[in-house]
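Chemist: Okay, so here is work.json, and as you'll see once you scroll down, it has JSON, C-alpha atoms.
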```
[["chain", "number", "residue", "atom", "x", "y", "z"],
["A", 353, "MET", "CA", 0.82, 59.66, -6.65],
["A", 354, "LYS", "CA", -0.96, 60.42, -9.86],
["A", 355, "ASP", "CA", -2.99, 57.65, -11.53],
["A", 356, "VAL", "CA", -3.04, 57.63, -15.30],
["A", 357, "GLU", "CA", -5.23, 55.25, -17.25],
["A", 358, "VAL", "CA", -3.79, 53.16, -20.08],
["A", 359, "VAL", "CA", -6.25, 52.19, -22.78],
["A", 360, "MET", "CA", -5.79, 49.57, -25.50],
["A", 361, "ALA", "CA", -6.71, 51.08, -28.86],
["A", 362, "ARG", "CA", -9.61, 49.54, -30.70],
["A", 363, "GLU", "CA", -11.04, 50.17, -34.10],
["A", 364, "ASN", "CA", -14.46, 51.70, -34.49],
["A", 365, "LYS", "CA", -15.97, 49.97, -37.51],
["A", 366, "LYS", "CA", -19.01, 52.20, -37.57],
["A", 367, "MET", "CA", -18.84, 54.69, -40.42],
["A", 368, "VAL", "CA", -20.74, 57.96, -40.29],
["A", 369, "PHE", "CA", -20.79, 60.06, -43.43],
["A", 370, "ASP", "CA", -19.61, 63.63, -43.23],
["A", 371, "PRO", "CA", -22.36, 66.13, -44.07],
["A", 372, "LYS", "CA", -19.68, 68.26, -45.76],
["A", 373, "GLY", "CA", -19.14, 65.56, -48.39],
["A", 374, "PHE", "CA", -16.45, 63.08, -49.34],
["A", 375, "PHE", "CA", -13.09, 62.87, -51.12],
["A", 376, "VAL", "CA", -11.62, 60.88, -53.98],
["A", 377, "ILE", "CA", -7.81, 60.68, -53.82],
["A", 378, "PHE", "CA", -5.41, 59.52, -56.52],
["A", 379, "LEU", "CA", -1.97, 60.22, -57.99],
["A", 380, "ASN", "CA", -1.64, 61.96, -61.35],
["A", 381, "ASP", "CA", 1.33, 63.52, -63.16],
["A", 382, "GLY", "CA", 3.56, 63.51, -60.07],
["A", 383, "GLU", "CA", 0.95, 65.05, -57.80],
["A", 384, "ILE", "CA", -1.63, 63.97, -55.26],
["A", 385, "VAL", "CA", -5.08, 64.90, -56.55],
["A", 386, "VAL", "CA", -7.99, 65.25, -54.12],
["A", 387, "GLU", "CA", -11.48, 65.69, -55.49],
["A", 388, "HIS", "CA", -14.13, 66.92, -53.06],
["A", 389, "TYR", "CA", -17.73, 65.98, -53.71],
["A", 390, "GLU", "CA", -20.76, 67.41, -51.97],
["A", 391, "ASN", "CA", -23.33, 64.81, -50.96],
["A", 392, "VAL", "CA", -26.46, 64.70, -53.06],
["A", 393, "LYS", "CA", -29.99, 63.56, -52.36],
["A", 394, "LYS", "CA", -31.61, 61.34, -54.93],
["A", 395, "GLU", "CA", -35.32, 60.63, -54.95],
["A", 396, "GLY", "CA", -35.62, 61.99, -51.42],
["A", 397, "LYS", "CA", -32.75, 60.10, -49.79],
["A", 398, "LEU", "CA", -29.08, 60.77, -49.34],
["A", 399, "GLU", "CA", -26.96, 58.79, -51.79],
["A", 400, "VAL", "CA", -23.62, 58.86, -50.07],
["A", 401, "GLU", "CA", -21.54, 57.17, -52.72],
["A", 402, "THR", "CA", -22.07, 59.70, -55.44],
["A", 403, "GLY", "CA", -21.82, 63.46, -55.34],
["A", 404, "ASP", "CA", -21.44, 66.82, -56.95],
["A", 405, "LEU", "CA", -17.78, 67.68, -57.67],
["A", 406, "ASP", "CA", -17.13, 71.15, -56.26],
["A", 407, "VAL", "CA", -13.35, 71.53, -55.93],
["A", 408, "VAL", "CA", -10.08, 69.76, -56.73],
["A", 409, "ILE", "CA", -7.01, 70.21, -54.53],
["A", 410, "LYS", "CA", -3.57, 69.25, -55.83],
["A", 411, "GLY", "CA", -0.26, 69.01, -54.03],
["A", 412, "VAL", "CA", 2.79, 66.89, -53.38],
["A", 413, "ASP", "CA", 2.63, 66.51, -49.60],
["A", 414, "ALA", "CA", -0.04, 65.42, -47.15],
["A", 415, "LYS", "CA", 0.35, 68.34, -44.76],
["A", 416, "SER", "CA", -0.27, 71.08, -47.36],
["A", 417, "ILE", "CA", -3.35, 69.27, -48.61],
["A", 418, "CYS", "CA", -4.67, 68.65, -45.09],
["A", 419, "ASP", "CA", -4.15, 72.32, -44.21],
["A", 420, "THR", "CA", -5.95, 73.43, -47.37],
["A", 421, "ILE", "CA", -8.87, 71.09, -46.69],
["A", 422, "VAL", "CA", -9.21, 72.50, -43.16],
["A", 423, "GLU", "CA", -8.84, 76.09, -44.38],
["A", 424, "MET", "CA", -11.59, 75.55, -46.92],
["A", 425, "GLY", "CA", -13.86, 73.95, -44.33],
["A", 426, "LEU", "CA", -14.37, 70.77, -46.33],
["A", 427, "VAL", "CA", -14.38, 68.38, -43.38],
["A", 428, "SER", "CA", -16.58, 68.48, -40.30],
["A", 429, "ARG", "CA", -16.04, 65.18, -38.49],
["A", 430, "LEU", "CA", -12.98, 64.17, -36.49],
["A", 431, "ASP", "CA", -13.10, 60.57, -37.75],
["A", 432, "HIS", "CA", -13.23, 61.85, -41.33],
["A", 433, "ALA", "CA", -10.29, 64.19, -40.70],
["A", 434, "THR", "CA", -8.15, 61.39, -39.23],
["A", 435, "TYR", "CA", -9.07, 59.12, -42.15],
["A", 436, "LEU", "CA", -7.98, 61.82, -44.59],
["A", 437, "GLY", "CA", -4.69, 62.28, -42.76],
["A", 438, "ARG", "CA", -3.96, 58.54, -43.03],
["A", 439, "GLU", "CA", -4.89, 58.33, -46.70],
["A", 440, "LEU", "CA", -2.96, 61.45, -47.71],
["A", 441, "GLU", "CA", 0.14, 60.26, -45.87],
["A", 442, "LYS", "CA", -0.10, 56.95, -47.74],
["A", 443, "ALA", "CA", -0.50, 58.84, -51.01],
["A", 444, "GLU", "CA", 2.57, 60.96, -50.25],
["A", 445, "ILE", "CA", 4.64, 57.86, -49.42],
["A", 446, "ALA", "CA", 3.51, 56.19, -52.66],
["A", 447, "LEU", "CA", 4.33, 59.34, -54.65],
["A", 448, "ARG", "CA", 7.80, 59.64, -53.12],
["A", 449, "ASN", "CA", 8.54, 55.98, -53.72],
["A", 450, "ASN", "CA", 7.11, 55.91, -57.24],
["A", 451, "THR", "CA", 4.65, 53.15, -56.39],
["A", 452, "GLU", "CA", 0.92, 52.76, -56.98],
["A", 453, "TYR", "CA", -1.65, 54.27, -54.65],
["A", 454, "THR", "CA", -5.30, 53.23, -54.50],
["A", 455, "GLN", "CA", -7.55, 54.89, -51.94],
["A", 456, "CYS", "CA", -8.49, 52.63, -49.02],
["A", 457, "GLU", "CA", -5.98, 49.97, -50.10],
["A", 458, "ASP", "CA", -2.52, 49.13, -48.73],
["A", 459, "ILE", "CA", 0.52, 50.34, -50.64],
["A", 460, "TYR", "CA", 3.13, 47.83, -51.74],
["A", 461, "PHE", "CA", 6.85, 48.15, -52.40],
["A", 462, "SER", "CA", 8.53, 45.89, -54.94],
["B", 851, "MET", "CA", -4.97, 72.04, -73.05],
["B", 852, "LYS", "CA", -4.75, 68.35, -72.20],
["B", 853, "MET", "CA", -6.56, 65.91, -74.45],
["B", 854, "TYR", "CA", -8.27, 64.27, -71.47],
["B", 855, "PRO", "CA", -9.69, 66.97, -69.19],
["B", 856, "TRP", "CA", -10.58, 64.94, -66.08],
["B", 857, "PRO", "CA", -7.48, 63.48, -64.39],
["B", 858, "GLY", "CA", -7.73, 59.94, -63.12],
["B", 859, "ASP", "CA", -6.22, 56.50, -62.96],
["B", 860, "PHE", "CA", -5.63, 55.87, -66.68],
["B", 861, "VAL", "CA", -2.83, 55.47, -69.21],
["B", 862, "GLU", "CA", -2.66, 57.50, -72.40],
["B", 863, "GLY", "CA", -1.61, 55.63, -75.54],
["B", 864, "GLU", "CA", -1.94, 56.71, -79.15],
["B", 865, "PRO", "CA", -4.25, 59.75, -79.38],
["B", 866, "GLU", "CA", -5.40, 58.91, -82.91],
["B", 867, "ALA", "CA", -6.32, 55.30, -82.17],
["B", 868, "PRO", "CA", -10.08, 54.55, -82.33],
["B", 869, "VAL", "CA", -10.20, 52.23, -79.30],
["B", 870, "ALA", "CA", -10.40, 52.99, -75.56],
["B", 871, "VAL", "CA", -10.43, 50.24, -72.94],
["B", 872, "VAL", "CA", -12.05, 50.11, -69.51],
["B", 873, "THR", "CA", -10.40, 47.33, -67.52],
["B", 874, "LEU", "CA", -12.79, 47.44, -64.50],
["B", 875, "GLY", "CA", -10.84, 46.10, -61.49],
["B", 876, "GLN", "CA", -7.76, 44.96, -63.41],
["B", 877, "ARG", "CA", -4.62, 46.73, -64.57],
["B", 878, "TYR", "CA", -3.33, 45.84, -68.01],
["B", 879, "SER", "CA", -1.03, 47.35, -70.57],
["B", 880, "PHE", "CA", -2.01, 47.51, -74.24],
["B", 881, "GLU", "CA", -0.72, 48.57, -77.62],
["B", 882, "ASN", "CA", -2.59, 50.45, -80.34],
["B", 883, "ALA", "CA", -5.23, 51.88, -77.97],
["B", 884, "ALA", "CA", -5.94, 55.56, -77.24],
["B", 885, "ILE", "CA", -6.48, 55.30, -73.49],
["B", 886, "TRP", "CA", -7.07, 52.56, -70.92],
["B", 887, "GLY", "CA", -7.50, 52.11, -67.19],
["B", 888, "PRO", "CA", -9.64, 50.70, -64.39],
["B", 889, "MET", "CA", -13.15, 51.90, -63.52],
["B", 890, "LYS", "CA", -14.56, 50.80, -60.20],
["B", 891, "THR", "CA", -17.67, 52.82, -59.50],
["B", 892, "GLU", "CA", -21.00, 53.00, -61.29],
["B", 893, "ASN", "CA", -21.29, 56.76, -60.83],
["B", 894, "LEU", "CA", -18.11, 58.84, -60.50],
["B", 895, "GLY", "CA", -16.03, 56.26, -62.39],
["B", 896, "ILE", "CA", -18.43, 56.23, -65.32],
["B", 897, "GLU", "CA", -18.57, 60.03, -65.38],
["B", 898, "LYS", "CA", -14.79, 60.25, -65.77],
["B", 899, "VAL", "CA", -14.72, 57.68, -68.55],
["B", 900, "VAL", "CA", -17.50, 59.44, -70.47],
["B", 901, "ALA", "CA", -15.95, 62.92, -70.07],
["B", 902, "ASN", "CA", -12.55, 61.76, -71.24],
["B", 903, "VAL", "CA", -13.79, 59.59, -74.11],
["B", 904, "ILE", "CA", -15.88, 62.36, -75.69],
["B", 905, "SER", "CA", -12.98, 64.81, -75.43],
["B", 906, "ASN", "CA", -11.14, 62.64, -77.99],
["B", 907, "PRO", "CA", -13.33, 62.28, -81.11],
["B", 908, "ASN", "CA", -10.93, 59.71, -82.56],
["B", 909, "ILE", "CA", -12.26, 57.17, -80.03],
["B", 910, "ARG", "CA", -15.06, 55.21, -81.68],
["B", 911, "TYR", "CA", -15.00, 51.96, -79.71],
["B", 912, "LEU", "CA", -14.98, 51.43, -75.96],
["B", 913, "ILE", "CA", -14.06, 47.93, -74.84],
["B", 914, "VAL", "CA", -15.28, 47.04, -71.34],
["B", 915, "CYS", "CA", -13.28, 44.11, -69.97],
["B", 916, "GLY", "CA", -11.81, 42.68, -66.79],
["B", 917, "ARG", "CA", -13.68, 41.12, -63.93],
["B", 918, "GLU", "CA", -16.95, 42.87, -63.08],
["B", 919, "ILE", "CA", -16.88, 44.87, -59.84],
["B", 920, "ARG", "CA", -19.06, 43.20, -57.21],
["B", 921, "GLY", "CA", -21.89, 45.34, -55.87],
["B", 922, "HIS", "CA", -21.06, 48.33, -58.04],
["B", 923, "ARG", "CA", -21.57, 46.37, -61.32],
["B", 924, "SER", "CA", -19.84, 49.31, -62.97],
["B", 925, "GLY", "CA", -19.12, 47.51, -66.25],
["B", 926, "ARG", "CA", -22.72, 46.53, -66.84],
["B", 927, "SER", "CA", -23.88, 49.98, -65.66],
["B", 928, "LEU", "CA", -21.65, 51.64, -68.27],
["B", 929, "ALA", "CA", -23.11, 49.39, -70.96],
["B", 930, "CYS", "CA", -26.60, 50.36, -69.75],
["B", 931, "LEU", "CA", -25.72, 54.05, -69.99],
["B", 932, "TRP", "CA", -24.77, 53.54, -73.62],
["B", 933, "GLU", "CA", -27.80, 51.36, -74.35],
["B", 934, "ASN", "CA", -30.48, 53.30, -72.45],
["B", 935, "GLY", "CA", -29.20, 56.72, -71.30],
["B", 936, "ILE", "CA", -30.36, 58.39, -68.07],
["B", 937, "ASP", "CA", -33.77, 59.28, -66.67],
["B", 938, "GLU", "CA", -34.92, 62.69, -65.35],
["B", 939, "ASN", "CA", -33.21, 62.00, -61.98],
["B", 940, "GLY", "CA", -29.87, 61.25, -63.61],
["B", 941, "ARG", "CA", -30.25, 57.52, -62.95],
["B", 942, "ILE", "CA", -28.76, 55.21, -65.58],
["B", 943, "ILE", "CA", -31.77, 53.37, -66.97],
["B", 944, "LYS", "CA", -31.80, 49.66, -66.07],
["B", 945, "ALA", "CA", -28.31, 49.84, -64.54],
["B", 946, "PRO", "CA", -27.70, 47.04, -62.00],
["B", 947, "GLY", "CA", -25.22, 49.00, -59.87],
["B", 948, "ALA", "CA", -26.05, 50.15, -56.35],
["B", 949, "VAL", "CA", -25.95, 53.93, -56.95],
["B", 950, "PRO", "CA", -25.90, 54.45, -60.72],
["B", 951, "TYR", "CA", -26.38, 58.22, -60.96],
["B", 952, "ILE", "CA", -24.77, 60.76, -63.26],
["B", 953, "GLU", "CA", -24.28, 64.03, -61.34],
["B", 954, "ASN", "CA", -21.46, 65.89, -63.01],
["B", 955, "LEU", "CA", -22.26, 65.61, -66.72],
["B", 956, "ASP", "CA", -25.13, 67.17, -68.63],
["B", 957, "SER", "CA", -27.52, 65.29, -70.88],
["B", 958, "GLN", "CA", -25.75, 66.60, -74.02],
["B", 959, "ALA", "CA", -22.54, 64.91, -72.89],
["B", 960, "ILE", "CA", -24.38, 61.63, -72.41],
["B", 961, "HIS", "CA", -26.02, 61.99, -75.83],
["B", 962, "ARG", "CA", -22.65, 62.69, -77.42],
["B", 963, "PHE", "CA", -21.12, 59.61, -75.73],
["B", 964, "ARG", "CA", -23.90, 57.36, -77.00],
["B", 965, "GLU", "CA", -23.48, 58.71, -80.53],
["B", 966, "GLN", "CA", -19.70, 58.76, -80.67],
["B", 967, "VAL", "CA", -18.76, 55.31, -79.44],
["B", 968, "GLU", "CA", -19.84, 51.73, -79.67],
["B", 969, "ILE", "CA", -19.49, 49.69, -76.50],
["B", 970, "VAL", "CA", -17.80, 46.33, -76.96],
["B", 971, "ASP", "CA", -18.90, 44.13, -74.06],
["B", 972, "MET", "CA", -16.03, 41.91, -72.90],
["B", 973, "ILE", "CA", -17.02, 42.03, -69.23],
["B", 974, "ASP", "CA", -15.34, 39.21, -67.25],
["B", 975, "GLU", "CA", -12.72, 38.70, -69.97],
["B", 976, "THR", "CA", -9.35, 38.69, -68.20],
["B", 977, "GLU", "CA", -7.06, 37.24, -70.89],
["B", 978, "VAL", "CA", -4.97, 40.19, -72.03],
["B", 979, "ASP", "CA", -4.12, 38.55, -75.37],
["B", 980, "ARG", "CA", -7.81, 38.23, -76.29],
["B", 981, "ILE", "CA", -8.42, 41.86, -75.38],
["B", 982, "GLN", "CA", -5.40, 42.99, -77.42],
["B", 983, "GLU", "CA", -6.70, 40.93, -80.35],
["B", 984, "LYS", "CA", -10.03, 42.77, -80.14],
["B", 985, "ILE", "CA", -8.25, 46.15, -80.00],
["B", 986, "ASP", "CA", -6.34, 45.30, -83.18],
["B", 987, "GLU", "CA", -9.50, 44.03, -84.88],
["B", 988, "LEU", "CA", -11.41, 47.23, -84.07],
["B", 989, "ARG", "CA", -8.51, 49.41, -85.08],
["B", 990, "ALA", "CA", -8.57, 47.85, -88.53],
["B", 991, "LYS", "CA", -12.17, 49.01, -89.06],
["B", 992, "ASP", "CA", -11.78, 52.56, -87.76],
["B", 993, "PRO", "CA", -14.78, 54.59, -89.00],
["B", 994, "GLY", "CA", -12.79, 57.83, -88.63],
["B", 995, "CYS", "CA", -12.92, 60.91, -86.42],
["B", 996, "PHE", "CA", -16.39, 61.78, -85.03],
["B", 997, "GLY", "CA", -15.90, 65.56, -85.27],
["B", 998, "GLU", "CA", -14.88, 68.21, -82.77],
["B", 999, "PRO", "CA", -13.90, 67.31, -79.18],
["B", 1000, "TYR", "CA", -16.70, 67.68, -76.61],
["B", 1001, "ILE", "CA", -15.37, 69.25, -73.42],
["B", 1002, "ALA", "CA", -17.79, 68.24, -70.68],
["B", 1003, "ILE", "CA", -15.85, 69.53, -67.68],
["B", 1004, "ARG", "CA", -13.29, 72.27, -67.23],
["B", 1005, "PHE", "CA", -10.91, 72.84, -64.32],
["B", 1006, "THR", "CA", -9.63, 76.34, -63.59],
["B", 1007, "GLU", "CA", -6.47, 76.80, -61.53],
["B", 1008, "ARG", "CA", -6.83, 79.04, -58.47],
["B", 1009, "LYS", "CA", -3.81, 80.17, -56.49],
["B", 1010, "THR", "CA", -4.19, 79.71, -52.74],
["B", 1011, "SER", "CA", -2.21, 81.43, -50.04],
["B", 1012, "MET", "CA", -1.91, 80.02, -46.55],
["B", 1013, "GLU", "CA", -0.97, 83.53, -45.34],
["B", 1014, "GLN", "CA", -4.65, 84.41, -45.70],
["B", 1015, "CYS", "CA", -5.62, 81.57, -43.40],
["B", 1016, "THR", "CA", -7.39, 82.77, -40.25],
["B", 1017, "LEU", "CA", -7.53, 79.41, -38.52],
["B", 1018, "ALA", "CA", -5.06, 78.21, -35.92],
["B", 1019, "LEU", "CA", -3.31, 75.34, -37.65],
["B", 1020, "HIS", "CA", -0.55, 73.30, -36.04],
["B", 1021, "ALA", "CA", 2.61, 75.42, -35.70],
["B", 1022, "SER", "CA", 1.46, 78.15, -38.05],
["B", 1023, "LEU", "CA", -0.58, 79.80, -35.34],
["B", 1024, "ASP", "CA", -2.24, 83.06, -36.26],
["B", 1025, "VAL", "CA", -4.44, 83.19, -33.18],
["B", 1026, "ASP", "CA", -2.73, 83.14, -29.81],
["B", 1027, "PRO", "CA", -3.89, 86.25, -27.95],
["B", 1028, "TRP", "CA", -2.33, 85.27, -24.60],
["B", 1029, "GLY", "CA", 0.97, 84.10, -26.03],
["B", 1030, "GLU", "CA", 0.51, 80.72, -24.38],
["B", 1031, "VAL", "CA", 1.35, 78.52, -27.32],
["B", 1032, "SER", "CA", 4.86, 78.11, -28.60],
["B", 1033, "THR", "CA", 5.29, 77.84, -32.35],
["B", 1034, "SER", "CA", 8.42, 75.77, -31.98],
["B", 1035, "GLY", "CA", 8.97, 72.28, -30.70],
["B", 1036, "VAL", "CA", 6.47, 69.46, -30.65],
["B", 1037, "ARG", "CA", 3.36, 69.96, -32.77]]
```
Represent the supplied structure as structure tokens.
Modeler:
Amino acid sequence: MKDVEVVMARENKKMVFDPKGFFVIFLNDGEIVVEHYENVKKEGKLEVETGDLDVVIKGVDAKSICDTIVEMGLVSRLDHATYLGRELEKAEIALRNNTEYTQCEDIYFS
Amino acid sequence: MKMYPWPGDFVEGEPEAPVAVVTLGQRYSFENAAIWGPMKTENLGIEKVVANVISNPNIRYLIVCGREIRGHRSGRSLACLWENGIDENGRIIKAPGAVPYIENLDSQAIHRFREQVEIVDMIDETEVDRIQEKIDELRAKDPGCFGEPYIAIRFTERKTSMEQCTLALHASLDVDPWGEVSTSGVR
């Protein structure tokens, strides 16, 4: 008989910033817009909440955008990649349903 | 070319109106304003507002209203940018926000912003009627167009082709030398 372990999922609240940078996601003119910022150092230390805009990716579906992000090598951490997948899927659902999308917030349907 | 070069979470109104409105964490709808929308961060958010405001020289007043964003203090930081400018590290002088740096705009753009508009501080005002009243009041004393648009950021479209991709991605596998992975079925 084969034994297979069952594990209850738990959230990891620890956040580690991706050395490749971070993304700002929003909807504009019927598209999902993803801005990628490279991290910057200010006065000798890494300021992780501001950055240098280096590329903008636009699309209408999460998969195409995820594939483009991977192809361009803009993400280097698994937790960051899974976060992006969740956010972009939410953005696509909001776009399809003509509702508001705000990054890191729930989407609501009226 | 679009009037506002940097896309974001904002609503375009009348392009010739002299008033723009930053609503911080709130979402409102106005009449007789050129552009309005939220602004949450004291760095990237401010950069977008500045870039888009100076691209429309008809905008001469920038109302900052809505409840101040905790921690970021983005409303007060924007007012400080207008009052004091930035230092040699790009830090907004005297800004109370946590990370108030300007990274994506040059000093000429900041200078232009400070010359073109007057900030009208209505931070923590959440009554939409009072804000609309102020918009109408400012519109009545429009000093006129500032001059030519200042384009602080430009986006160039690049076509991408996934056929050029050399990575093994989901079902679109380009690399499978032993033929072990099916490209159909469950991904």
Chemist: For chain A against chain B, which residues fall within 9 Å using only C-alpha atoms, given as a PyMOL selection string?
Modeler: chain A and resi 378-381+385+392+394-395+399-405+407-408+419-420+422-423
Chemist: Compile the contact shell of Lys366 of chain A as a ChimeraX atom specification: residues with an atom at most 12 Å away, counting all atoms listed in the file, same-chain residues fewer than 3 positions apart removed.
Modeler: /A:362-363,369,431-432
Chemist: For each of B:Lys1009, B:Lys852, B:Arg980, B:Arg989, take the minimum atom-to-atom distance to Ala884 of chain B, counting all atoms listed in the file, then give the residue where this is smallest.
Modeler: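 Looking only at the distances to Ala884 of chain B, the closest residue turns out to be B:Arg989.
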Chemist: Which residues, written as a PDB file with C-alpha atoms, in the frame of the given file, have at least one atom at most 10 Å from Thr451 of chain A, with only C-alpha atoms counted and residues fewer than 5 positions away on the same chain left out?
Modeler:
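Below you can see selection_5.pdb, which holds the result:
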```pdb
ATOM      1  CA  LEU A 379      -1.970  60.220 -57.990  1.00  0.00           C
ATOM      2  CA  ALA A 443      -0.500  58.840 -51.010  1.00  0.00           C
ATOM      3  CA  ILE A 445       4.640  57.860 -49.420  1.00  0.00           C
ATOM      4  CA  ALA A 446       3.510  56.190 -52.660  1.00  0.00           C
ATOM      5  CA  ILE A 459       0.520  50.340 -50.640  1.00  0.00           C
ATOM      6  CA  TYR A 460       3.130  47.830 -51.740  1.00  0.00           C
ATOM      7  CA  PHE A 461       6.850  48.150 -52.400  1.00  0.00           C
ATOM      8  CA  SER A 462       8.530  45.890 -54.940  1.00  0.00           C
TER       9      SER A 462
END
```
Chemist: Find, counting all atoms listed in the file, the residue in A:Met353, A:Ala414, A:Leu447, A:Ile409 that gets nearest to Phe375 of chain A.
Modeler: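 Among the listed residues, A:Ile409 lies closest to Phe375 of chain A.
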Chemist: Could you please determine the separation between atom CA of Phe963 of chain B and atom CA of Ile885 of chain B in Å, to one decimal place?
Modeler: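 For atom CA of Phe963 of chain B relative to atom CA of Ile885 of chain B, the distance reads 15.4 Å.
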Chemist: Separation of atom CA of Arg448 of chain A and atom CA of Ile417 of chain A, in Å?
Modeler: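 Taking atom CA of Arg448 of chain A as the start and atom CA of Ile417 of chain A as the end point, the length is 15.4 Å.
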Chemist: Between atom CA of Glu987 of chain B and atom CA of Glu968 of chain B, what is the distance, to one decimal in Å?
Modeler: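 Between atom CA of Glu987 of chain B and atom CA of Glu968 of chain B the gap works out to 13.9 Å.
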Chemist: I'd like to know which of A:Val358, A:Val376, A:Cys418, A:Val368 is closest to Gln455 of chain A, using only C-alpha atoms.
Modeler: A:Val376
Chemist: Leaving out Tyr878 of chain B and any residue of its chain fewer than 6 positions from it, which residues lie within 12 Å of it when counting all atoms listed in the file, given as a VMD selection string?
Modeler: chain B and resid 860 to 861 871 to 872 885 to 888 915 to 916 975 to 979 981 to 982
Chemist: Go ahead and write the selection's residues with C-alpha atoms as a compact mmCIF listing (two decimals), keeping the file's coordinate frame.
Modeler:
```txt
# COMPACT_ATOMS: atom_id res chain seq x y z
CA PHE B 860 -5.63 55.87 -66.68
CA VAL B 861 -2.83 55.47 -69.21
CA VAL B 871 -10.43 50.24 -72.94
CA VAL B 872 -12.05 50.11 -69.51
CA ILE B 885 -6.48 55.30 -73.49
CA TRP B 886 -7.07 52.56 -70.92
CA GLY B 887 -7.50 52.11 -67.19
CA PRO B 888 -9.64 50.70 -64.39
CA CYS B 915 -13.28 44.11 -69.97
CA GLY B 916 -11.81 42.68 -66.79
CA GLU B 975 -12.72 38.70 -69.97
CA THR B 976 -9.35 38.69 -68.20
CA GLU B 977 -7.06 37.24 -70.89
CA VAL B 978 -4.97 40.19 -72.03
CA ASP B 979 -4.12 38.55 -75.37
CA ILE B 981 -8.42 41.86 -75.38
CA GLN B 982 -5.40 42.99 -77.42
```
Chemist: Using all atoms listed in the file, can you list as a PyMOL selection string the residues within 10 Å of (-30.7, 59.0, -67.9)?
Modeler: chain B and resi 930-932+934-944+950-952+956-957+960-961
Chemist: I need the chosen residues saved as a tab-separated table (two decimals), in the frame of the given file, with C-alpha atoms.
Modeler:
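Heads up, here's the output in out29.tsv:
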```tsv
chain	number	residue	atom	x	y	z
B	930	CYS	CA	-26.60	50.36	-69.75
B	931	LEU	CA	-25.72	54.05	-69.99
B	932	TRP	CA	-24.77	53.54	-73.62
B	934	ASN	CA	-30.48	53.30	-72.45
B	935	GLY	CA	-29.20	56.72	-71.30
B	936	ILE	CA	-30.36	58.39	-68.07
B	937	ASP	CA	-33.77	59.28	-66.67
B	938	GLU	CA	-34.92	62.69	-65.35
B	939	ASN	CA	-33.21	62.00	-61.98
B	940	GLY	CA	-29.87	61.25	-63.61
B	941	ARG	CA	-30.25	57.52	-62.95
B	942	ILE	CA	-28.76	55.21	-65.58
B	943	ILE	CA	-31.77	53.37	-66.97
B	944	LYS	CA	-31.80	49.66	-66.07
B	950	PRO	CA	-25.90	54.45	-60.72
B	951	TYR	CA	-26.38	58.22	-60.96
B	952	ILE	CA	-24.77	60.76	-63.26
B	956	ASP	CA	-25.13	67.17	-68.63
B	957	SER	CA	-27.52	65.29	-70.88
B	960	ILE	CA	-24.38	61.63	-72.41
B	961	HIS	CA	-26.02	61.99	-75.83
```
Chemist: Pick from A:Val359, A:Leu440, A:Cys456, A:Met367: nearest to Ile421 of chain A, with only C-alpha atoms counted?
Modeler: A:Leu440
Chemist: Which one is closest to Ala1002 of chain B: B:Ala870, B:Ile913, B:Val900, B:Ala929? Count all atoms listed in the file.
Modeler: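 Closest residue, counting all atoms listed in the file: B:Val900.
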Chemist: Can you work out which one of A:Arg438, A:Lys354, A:Arg429, A:Lys393 has the shortest atom-to-atom distance to Lys415 of chain A, counting only C-alpha atoms?
Modeler: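 Among the listed residues, the smallest separation from Lys415 of chain A belongs to A:Arg438.
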Chemist: Assuming 6 Å of padding per side, give the centre and edge lengths of the axis-aligned box around every listed atom of segment 402-412 of chain A, in Å to one decimal and as lines of an AutoDock Vina configuration file.
Modeler:
```
center_x = -9.6
center_y = 65.6
center_z = -55.5
size_x = 36.9
size_y = 23.8
size_z = 16.3
```
